[in-house]
Amino acid sequence: MAKRGPVAIEICSTAFTTLGHAQAKSLGYADLPIAVIPHPFGSRSRDEVSQLAATCIADIAQLACEPVSGTSRAAASAPEPPQRAALIEVPGDLDELYQLFRERRWTDGFPVVPPTAERVERMLRHTSRSPTELVAAIPPAFGMATVERIAVNAVMAGCDPEYLPLLIATVEAAMAPEFNLQGIQATTNPCTPWLIINGPIVKQLNINSGINCLGQGSWANATIGRALRLIMQNIGGALPGDMDRATQGFPGKFSMCCAENDAANPWQPLHVERGYSAEQSTVTVVCAAGTLNMNSHTKNADDLIYAFADTLAHATSNDYWTGGEPWIVLPPEHAEVLANAGLSKAEVKRRLWEESKMKASRMAPRDFMRTQDARRTELGVISPDSMLPISSTPELIGLVVAGGPGTHSVYVPTYGNTRSATRVVASETIRGNK
Amino acid sequence: MESTQIVDPTAPRQSQAQQARKTLDSLQGKVVGFIDDAKPNFNHLVDDLAELLIGKYGVSEVIKRRKRVSSYAAPEAVIAELSEKCDLVITGSGD
């Protein structure tokens, strides 16, 4: 808005002012006037809001009309093309180096692999793309993620060099507009990109799709997910307490990555369902907002779907108030129960969608009002007796098969204002010596 | 103490041509637009500020537009409308 005709002013609460300034600068409007009001704001009473308005109006009037001092910052020349990343002189002692990483907040809280030039170059040999090629400007700071800088953070995360093409595709997927990385990075919700890998690359890189595939211990799973988090933090600028406003976050923010279990999947793989060929390797990013264990020993498909649907429906769900894209990870045993009953994946989704509809009155009144607002275009007038679908269509319920033996499905609720995105992983030959 | 070198893991911000800030001579007779960010209470703040802008500062008209949800940008049609009609546009960010 600031770049168009009118004068623009932004109102932020104190907790979000840093984010507001940083983003304005990144978008070319460093001088965007911001009127600040005390945080929290959303929980104030109506009278308190009126009092804040009476105080704020003077700031707004002043910001709208105050003369602009200093030399004009009129449009500058065209932006510089991305450069190679700088080499930094750092202590040679490992303990001192780790202390520096901690001070600069370049880690996720765990030690990282020092990104020496040699390690970075070794990783860059696994792509034909130029090191200075700009893959994306990562929000909320819009830091320039070149191929090289992706590689640097991949080294730090502990990735094998062979992972680089997958990581580049992951960044591309995370930047799909429908994924809404901007919202995910800055939200108070506990959110993380959950990476689901399909295709031949699963075996090539030994990505775990079985026992404990969402847990610790698998090198590829752990480091690929971690690399994306370091990219989001070190390049995207979303540091906890700074531009990352997560109230508590959750452990998936360290890393959340798995492959789909092809061998145990009675249906089409996720990427084939999405229109890709089985021979292609893909990465799908889903904005996970936690995980919930759905432990059911039933061998009856109807009972299983009923139990799942009952679990999905909860009054505090982002998916329900905004019309989201919830996901379920089925273990081989549950997938077998459903497939043996003759159910296709589409039919499972349709049944889940119907049976998980939730009465709007289960929400707290304020949440009900937000839902009325957010889903009016989709659902029309919503009354307390309205039955809310978890997503606008059954097809938006995501189903993947992953995990080992056991009767545990995983419900993955999402941020709500997000849609998953899938990108192909480029087949690359290794340049030079491995 | 021996030193070594590492590659910087951070990145410069995408460089954008910085825009010059605009201001008004006064609010008297101006048209003010609001993009309500759909966060709790922002609609009330908009209502109160609109009343004050008209009653106390002589603003001639207030146009209010509300986003469907806070974490997506306002539709282009809304931005275009307010850009054309308004002298000042006020938005909210975060909470």
# chains A, B, ... in the order shown; residues from 1 in each chain; ligands from 1

call {"tool": "select_by_dssp", "arguments": {"residues": "chain B", "states": "alpha helix (DSSP H)", "output": "ChimeraX atom specification"}}
result
/B:42-57,76-85

call {"tool": "write_last_selection", "arguments": {"atoms": "N, CA and C atoms", "output": "compact mmCIF listing (two decimals), in the first residue's frame"}}
result
# COMPACT_ATOMS: atom_id res chain seq x y z
N PHE B 42 -9.51 -5.75 16.42
CA PHE B 42 -9.08 -4.71 15.48
C PHE B 42 -10.28 -4.00 14.86
N ASN B 43 -11.38 -4.74 14.68
CA ASN B 43 -12.57 -4.10 14.12
C ASN B 43 -13.09 -3.00 15.05
N HIS B 44 -13.00 -3.23 16.34
CA HIS B 44 -13.43 -2.21 17.32
C HIS B 44 -12.50 -1.01 17.27
N LEU B 45 -11.21 -1.28 17.15
CA LEU B 45 -10.25 -0.17 17.06
C LEU B 45 -10.53 0.65 15.81
N VAL B 46 -10.82 -0.02 14.73
CA VAL B 46 -11.15 0.67 13.48
C VAL B 46 -12.37 1.56 13.67
N ASP B 47 -13.40 1.02 14.29
CA ASP B 47 -14.63 1.81 14.51
C ASP B 47 -14.33 3.05 15.35
N ASP B 48 -13.56 2.87 16.41
CA ASP B 48 -13.26 4.00 17.31
C ASP B 48 -12.39 5.03 16.60
N LEU B 49 -11.37 4.57 15.91
CA LEU B 49 -10.48 5.51 15.21
C LEU B 49 -11.24 6.25 14.12
N ALA B 50 -12.12 5.56 13.43
CA ALA B 50 -12.91 6.20 12.37
C ALA B 50 -13.74 7.34 12.95
N GLU B 51 -14.37 7.06 14.07
CA GLU B 51 -15.22 8.08 14.72
C GLU B 51 -14.37 9.28 15.13
N LEU B 52 -13.20 9.03 15.66
CA LEU B 52 -12.33 10.12 16.10
C LEU B 52 -11.79 10.90 14.91
N LEU B 53 -11.43 10.20 13.86
CA LEU B 53 -10.89 10.88 12.68
C LEU B 53 -11.92 11.85 12.09
N ILE B 54 -13.16 11.42 12.07
CA ILE B 54 -14.22 12.28 11.52
C ILE B 54 -14.56 13.39 12.50
N GLY B 55 -14.78 13.01 13.75
CA GLY B 55 -15.26 13.98 14.74
C GLY B 55 -14.22 14.98 15.18
N LYS B 56 -12.97 14.51 15.31
CA LYS B 56 -11.95 15.37 15.91
C LYS B 56 -11.00 15.97 14.87
N TYR B 57 -10.79 15.27 13.76
CA TYR B 57 -9.76 15.72 12.81
C TYR B 57 -10.35 16.15 11.47
N GLU B 76 -5.96 -8.00 -3.97
CA GLU B 76 -5.50 -6.91 -4.83
C GLU B 76 -6.62 -5.92 -5.10
N ALA B 77 -7.84 -6.42 -5.24
CA ALA B 77 -8.97 -5.53 -5.52
C ALA B 77 -9.17 -4.51 -4.39
N VAL B 78 -8.99 -4.97 -3.16
CA VAL B 78 -9.12 -4.07 -2.01
C VAL B 78 -8.00 -3.04 -2.02
N ILE B 79 -6.80 -3.50 -2.28
CA ILE B 79 -5.65 -2.59 -2.29
C ILE B 79 -5.84 -1.55 -3.40
N ALA B 80 -6.28 -2.00 -4.56
CA ALA B 80 -6.49 -1.08 -5.67
C ALA B 80 -7.57 -0.07 -5.34
N GLU B 81 -8.64 -0.54 -4.74
CA GLU B 81 -9.75 0.36 -4.40
C GLU B 81 -9.31 1.44 -3.43
N LEU B 82 -8.64 1.02 -2.36
CA LEU B 82 -8.22 1.99 -1.35
C LEU B 82 -7.12 2.91 -1.89
N SER B 83 -6.26 2.38 -2.75
CA SER B 83 -5.22 3.23 -3.34
C SER B 83 -5.83 4.35 -4.15
N GLU B 84 -6.90 4.03 -4.81
CA GLU B 84 -7.53 5.03 -5.68
C GLU B 84 -8.33 6.05 -4.88
N LYS B 85 -9.03 5.57 -3.87
CA LYS B 85 -10.02 6.43 -3.20
C LYS B 85 -9.46 7.19 -2.00

call {"tool": "residues_around", "arguments": {"residues": "segment 314-327 of chain A", "least_positions_apart": "5", "cutoff": "8 Å", "atoms": "only C-alpha atoms", "output": "JSON, numbers by chain"}}
result
{"A": [358, 362, 363, 364, 367, 368, 370, 371, 374, 375, 388, 389, 390, 391, 392, 396, 397, 398, 399, 400, 411, 412, 413, 414, 415, 416, 417, 418, 419, 420], "B": [69]}

call {"tool": "atom_distance", "arguments": {"atom1": "atom CA of Tyr72 of chain B", "atom2": "atom CA of Glu80 of chain A"}}
result
28.7 Å

call {"tool": "atom_distance", "arguments": {"atom1": "atom CA of Ile57 of chain A", "atom2": "atom CA of Pro40 of chain A"}}
result
18.2 Å

call {"tool": "closest_atom_pairs", "arguments": {"of": "chain B", "to": "chain A", "cutoff": "7 Å", "atoms": "only C-alpha atoms", "output": "Markdown table"}}
result
| residue | atom | partner | partner_atom | distance |
| --- | --- | --- | --- | --- |
| B:Glu2 | CA | A:Gly92 | CA | 5.2 |
| B:Ser3 | CA | A:Gly92 | CA | 4.2 |
| B:Thr4 | CA | A:Gly92 | CA | 4.9 |
| B:Gln5 | CA | A:Glu89 | CA | 4.6 |
| B:Ile6 | CA | A:Thr116 | CA | 4.4 |
| B:Val7 | CA | A:Leu87 | CA | 4.6 |
| B:Asp8 | CA | A:Ala86 | CA | 5.6 |
| B:Pro9 | CA | A:Val152 | CA | 5.7 |
| B:Thr10 | CA | A:Asn234 | CA | 4.9 |
| B:Ala11 | CA | A:Ile235 | CA | 5.2 |
| B:Pro12 | CA | A:Gly143 | CA | 5.4 |
| B:Arg13 | CA | A:Gly143 | CA | 4.1 |
| B:Gln14 | CA | A:Met144 | CA | 5.5 |
| B:Ser15 | CA | A:Pro79 | CA | 5.4 |
| B:Gln16 | CA | A:Gly28 | CA | 4.9 |
| B:Ala17 | CA | A:Ala76 | CA | 5.0 |
| B:Gln18 | CA | A:Gly28 | CA | 4.2 |
| B:Gln19 | CA | A:Tyr29 | CA | 5.4 |
| B:Ala20 | CA | A:Arg73 | CA | 4.9 |
| B:Arg21 | CA | A:Asp31 | CA | 6.2 |
| B:Lys22 | CA | A:Val7 | CA | 5.6 |
| B:Thr23 | CA | A:Cys65 | CA | 5.2 |
| B:Leu24 | CA | A:Cys65 | CA | 4.7 |
| B:Asp25 | CA | A:Cys65 | CA | 5.7 |
| B:Ser26 | CA | A:Cys65 | CA | 5.8 |
| B:Lys39 | CA | A:Gly42 | CA | 6.9 |
| B:Pro40 | CA | A:Gly42 | CA | 4.7 |
| B:Asn41 | CA | A:Gly42 | CA | 5.4 |
| B:His44 | CA | A:Val49 | CA | 7.0 |
| B:Leu45 | CA | A:Ala53 | CA | 6.1 |
| B:Asp48 | CA | A:Ala53 | CA | 6.1 |
| B:Leu49 | CA | A:Ala53 | CA | 5.8 |
| B:Arg68 | CA | A:Ala374 | CA | 5.1 |
| B:Val69 | CA | A:Ala374 | CA | 5.9 |
| B:Ser71 | CA | A:Gly183 | CA | 5.2 |
| B:Ile79 | CA | A:Met1 | CA | 6.6 |
| B:Ser83 | CA | A:Gly5 | CA | 5.6 |
| B:Cys86 | CA | A:Pro6 | CA | 6.1 |
| B:Asp87 | CA | A:Pro6 | CA | 4.7 |
| B:Leu88 | CA | A:Val7 | CA | 4.6 |
| B:Val89 | CA | A:Ala8 | CA | 4.9 |
| B:Ile90 | CA | A:Ile9 | CA | 4.9 |
| B:Thr91 | CA | A:Glu10 | CA | 4.9 |
| B:Gly92 | CA | A:Ile11 | CA | 4.6 |
| B:Ser93 | CA | A:Cys12 | CA | 5.4 |
| B:Gly94 | CA | A:Phe16 | CA | 5.6 |
| B:Asp95 | CA | A:Ser13 | CA | 5.8 |

call {"tool": "write_last_selection", "arguments": {"atoms": "N, CA and C atoms", "output": "compact mmCIF listing (two decimals), in the first residue's frame"}}
result
# COMPACT_ATOMS: atom_id res chain seq x y z
N GLU B 2 44.81 -19.70 17.18
CA GLU B 2 44.66 -19.96 15.76
C GLU B 2 43.23 -19.65 15.33
N SER B 3 43.11 -19.12 14.12
CA SER B 3 41.76 -18.84 13.64
C SER B 3 41.50 -19.68 12.39
N THR B 4 40.26 -19.71 11.98
CA THR B 4 39.88 -20.43 10.77
C THR B 4 38.80 -19.62 10.07
N GLN B 5 38.31 -20.14 8.99
CA GLN B 5 37.27 -19.41 8.26
C GLN B 5 36.05 -20.30 8.05
N ILE B 6 34.89 -19.68 8.14
CA ILE B 6 33.65 -20.37 7.76
C ILE B 6 32.89 -19.48 6.79
N VAL B 7 31.94 -20.07 6.12
CA VAL B 7 31.10 -19.31 5.20
C VAL B 7 29.89 -18.77 5.96
N ASP B 8 29.60 -17.53 5.74
CA ASP B 8 28.50 -16.86 6.45
C ASP B 8 27.16 -17.55 6.12
N PRO B 9 26.44 -18.04 7.13
CA PRO B 9 25.17 -18.72 6.86
C PRO B 9 23.99 -17.77 6.69
N THR B 10 24.21 -16.50 6.99
CA THR B 10 23.10 -15.55 6.88
C THR B 10 23.09 -14.95 5.48
N ALA B 11 22.13 -14.13 5.22
CA ALA B 11 22.01 -13.58 3.87
C ALA B 11 21.53 -12.14 3.95
N PRO B 12 22.00 -11.32 3.02
CA PRO B 12 21.44 -9.97 2.98
C PRO B 12 19.98 -10.02 2.58
N ARG B 13 19.26 -9.02 3.00
CA ARG B 13 17.87 -8.94 2.61
C ARG B 13 17.79 -8.68 1.12
N GLN B 14 16.75 -9.20 0.52
CA GLN B 14 16.49 -8.89 -0.88
C GLN B 14 16.45 -7.38 -1.01
N SER B 15 17.29 -6.87 -1.88
CA SER B 15 17.36 -5.40 -1.93
C SER B 15 16.24 -4.86 -2.78
N GLN B 16 15.55 -3.95 -2.22
CA GLN B 16 14.45 -3.28 -2.91
C GLN B 16 14.78 -1.80 -2.93
N ALA B 17 14.42 -1.15 -4.01
CA ALA B 17 14.56 0.30 -4.04
C ALA B 17 13.72 0.89 -2.91
N GLN B 18 14.36 1.67 -2.05
CA GLN B 18 13.64 2.26 -0.92
C GLN B 18 12.74 3.39 -1.40
N GLN B 19 11.53 3.39 -0.94
CA GLN B 19 10.55 4.39 -1.34
C GLN B 19 10.60 5.60 -0.42
N ALA B 20 10.39 6.76 -1.00
CA ALA B 20 10.32 7.98 -0.19
C ALA B 20 8.99 7.98 0.58
N ARG B 21 9.06 8.43 1.82
CA ARG B 21 7.85 8.48 2.63
C ARG B 21 6.99 9.66 2.23
N LYS B 22 5.69 9.43 2.21
CA LYS B 22 4.75 10.51 1.88
C LYS B 22 4.01 10.92 3.15
N THR B 23 3.61 12.19 3.19
CA THR B 23 2.77 12.65 4.29
C THR B 23 1.71 13.60 3.73
N LEU B 24 0.78 13.95 4.60
CA LEU B 24 -0.31 14.86 4.22
C LEU B 24 -0.07 16.23 4.84
N ASP B 25 -0.70 17.24 4.24
CA ASP B 25 -0.60 18.57 4.85
C ASP B 25 -1.48 18.63 6.11
N SER B 26 -2.63 17.99 6.06
CA SER B 26 -3.50 17.87 7.24
C SER B 26 -4.52 16.78 6.96
N LYS B 39 -7.69 -9.57 13.14
CA LYS B 39 -7.27 -10.04 14.45
C LYS B 39 -8.32 -9.58 15.48
N PRO B 40 -8.42 -10.29 16.61
CA PRO B 40 -9.42 -9.92 17.60
C PRO B 40 -9.30 -8.45 18.02
N ASN B 41 -10.40 -7.79 18.08
CA ASN B 41 -10.52 -6.39 18.55
C ASN B 41 -10.15 -5.35 17.52
N HIS B 44 -13.00 -3.23 16.34
CA HIS B 44 -13.43 -2.21 17.32
C HIS B 44 -12.50 -1.01 17.27
N LEU B 45 -11.21 -1.28 17.15
CA LEU B 45 -10.25 -0.17 17.06
C LEU B 45 -10.53 0.65 15.81
N ASP B 48 -13.56 2.87 16.41
CA ASP B 48 -13.26 4.00 17.31
C ASP B 48 -12.39 5.03 16.60
N LEU B 49 -11.37 4.57 15.91
CA LEU B 49 -10.48 5.51 15.21
C LEU B 49 -11.24 6.25 14.12
N ARG B 68 -10.23 -11.53 5.16
CA ARG B 68 -10.90 -12.76 5.59
C ARG B 68 -10.15 -13.38 6.78
N VAL B 69 -8.85 -13.49 6.64
CA VAL B 69 -8.00 -14.00 7.74
C VAL B 69 -6.75 -13.13 7.79
N SER B 71 -3.50 -13.82 8.22
CA SER B 71 -2.16 -14.17 7.74
C SER B 71 -2.01 -14.21 6.23
N ILE B 79 -6.80 -3.50 -2.28
CA ILE B 79 -5.65 -2.59 -2.29
C ILE B 79 -5.84 -1.55 -3.40
N SER B 83 -6.26 2.38 -2.75
CA SER B 83 -5.22 3.23 -3.34
C SER B 83 -5.83 4.35 -4.15
N CYS B 86 -8.39 6.69 -1.39
CA CYS B 86 -7.99 7.21 -0.08
C CYS B 86 -6.73 8.07 -0.13
N ASP B 87 -6.69 9.04 0.80
CA ASP B 87 -5.48 9.83 1.00
C ASP B 87 -4.56 9.16 2.01
N LEU B 88 -5.14 8.42 2.92
CA LEU B 88 -4.40 7.75 3.99
C LEU B 88 -5.02 6.37 4.19
N VAL B 89 -4.18 5.33 4.29
CA VAL B 89 -4.67 3.99 4.58
C VAL B 89 -3.97 3.48 5.84
N ILE B 90 -4.77 2.93 6.74
CA ILE B 90 -4.23 2.43 8.02
C ILE B 90 -4.48 0.93 8.07
N THR B 91 -3.41 0.16 8.41
CA THR B 91 -3.54 -1.29 8.52
C THR B 91 -3.03 -1.75 9.87
N GLY B 92 -3.24 -3.03 10.15
CA GLY B 92 -2.69 -3.62 11.37
C GLY B 92 -1.77 -4.75 11.00
N SER B 93 -0.81 -5.06 11.87
CA SER B 93 0.11 -6.16 11.62
C SER B 93 0.38 -6.87 12.93
N GLY B 94 0.44 -8.19 12.89
CA GLY B 94 0.64 -8.94 14.13
C GLY B 94 -0.60 -8.82 14.98
N ASP B 95 -0.45 -8.66 16.27
CA ASP B 95 -1.59 -8.45 17.15
C ASP B 95 -1.71 -7.00 17.56

call {"tool": "residues_around", "arguments": {"residues": "Val62 of chain B", "least_positions_apart": "6", "cutoff": "6 Å", "atoms": "only C-alpha atoms", "output": "ChimeraX atom specification"}}
result
/B:31-33

call {"tool": "write_last_selection", "arguments": {"atoms": "C-alpha atoms", "output": "PDB file, in the first residue's frame"}}
result
ATOM      1  CA  VAL B  31     -10.526  10.201   2.858  1.00  0.00           C
ATOM      2  CA  VAL B  32      -9.102   7.526   5.152  1.00  0.00           C
ATOM      3  CA  GLY B  33      -9.196   3.787   4.489  1.00  0.00           C
TER       4      GLY B  33
END
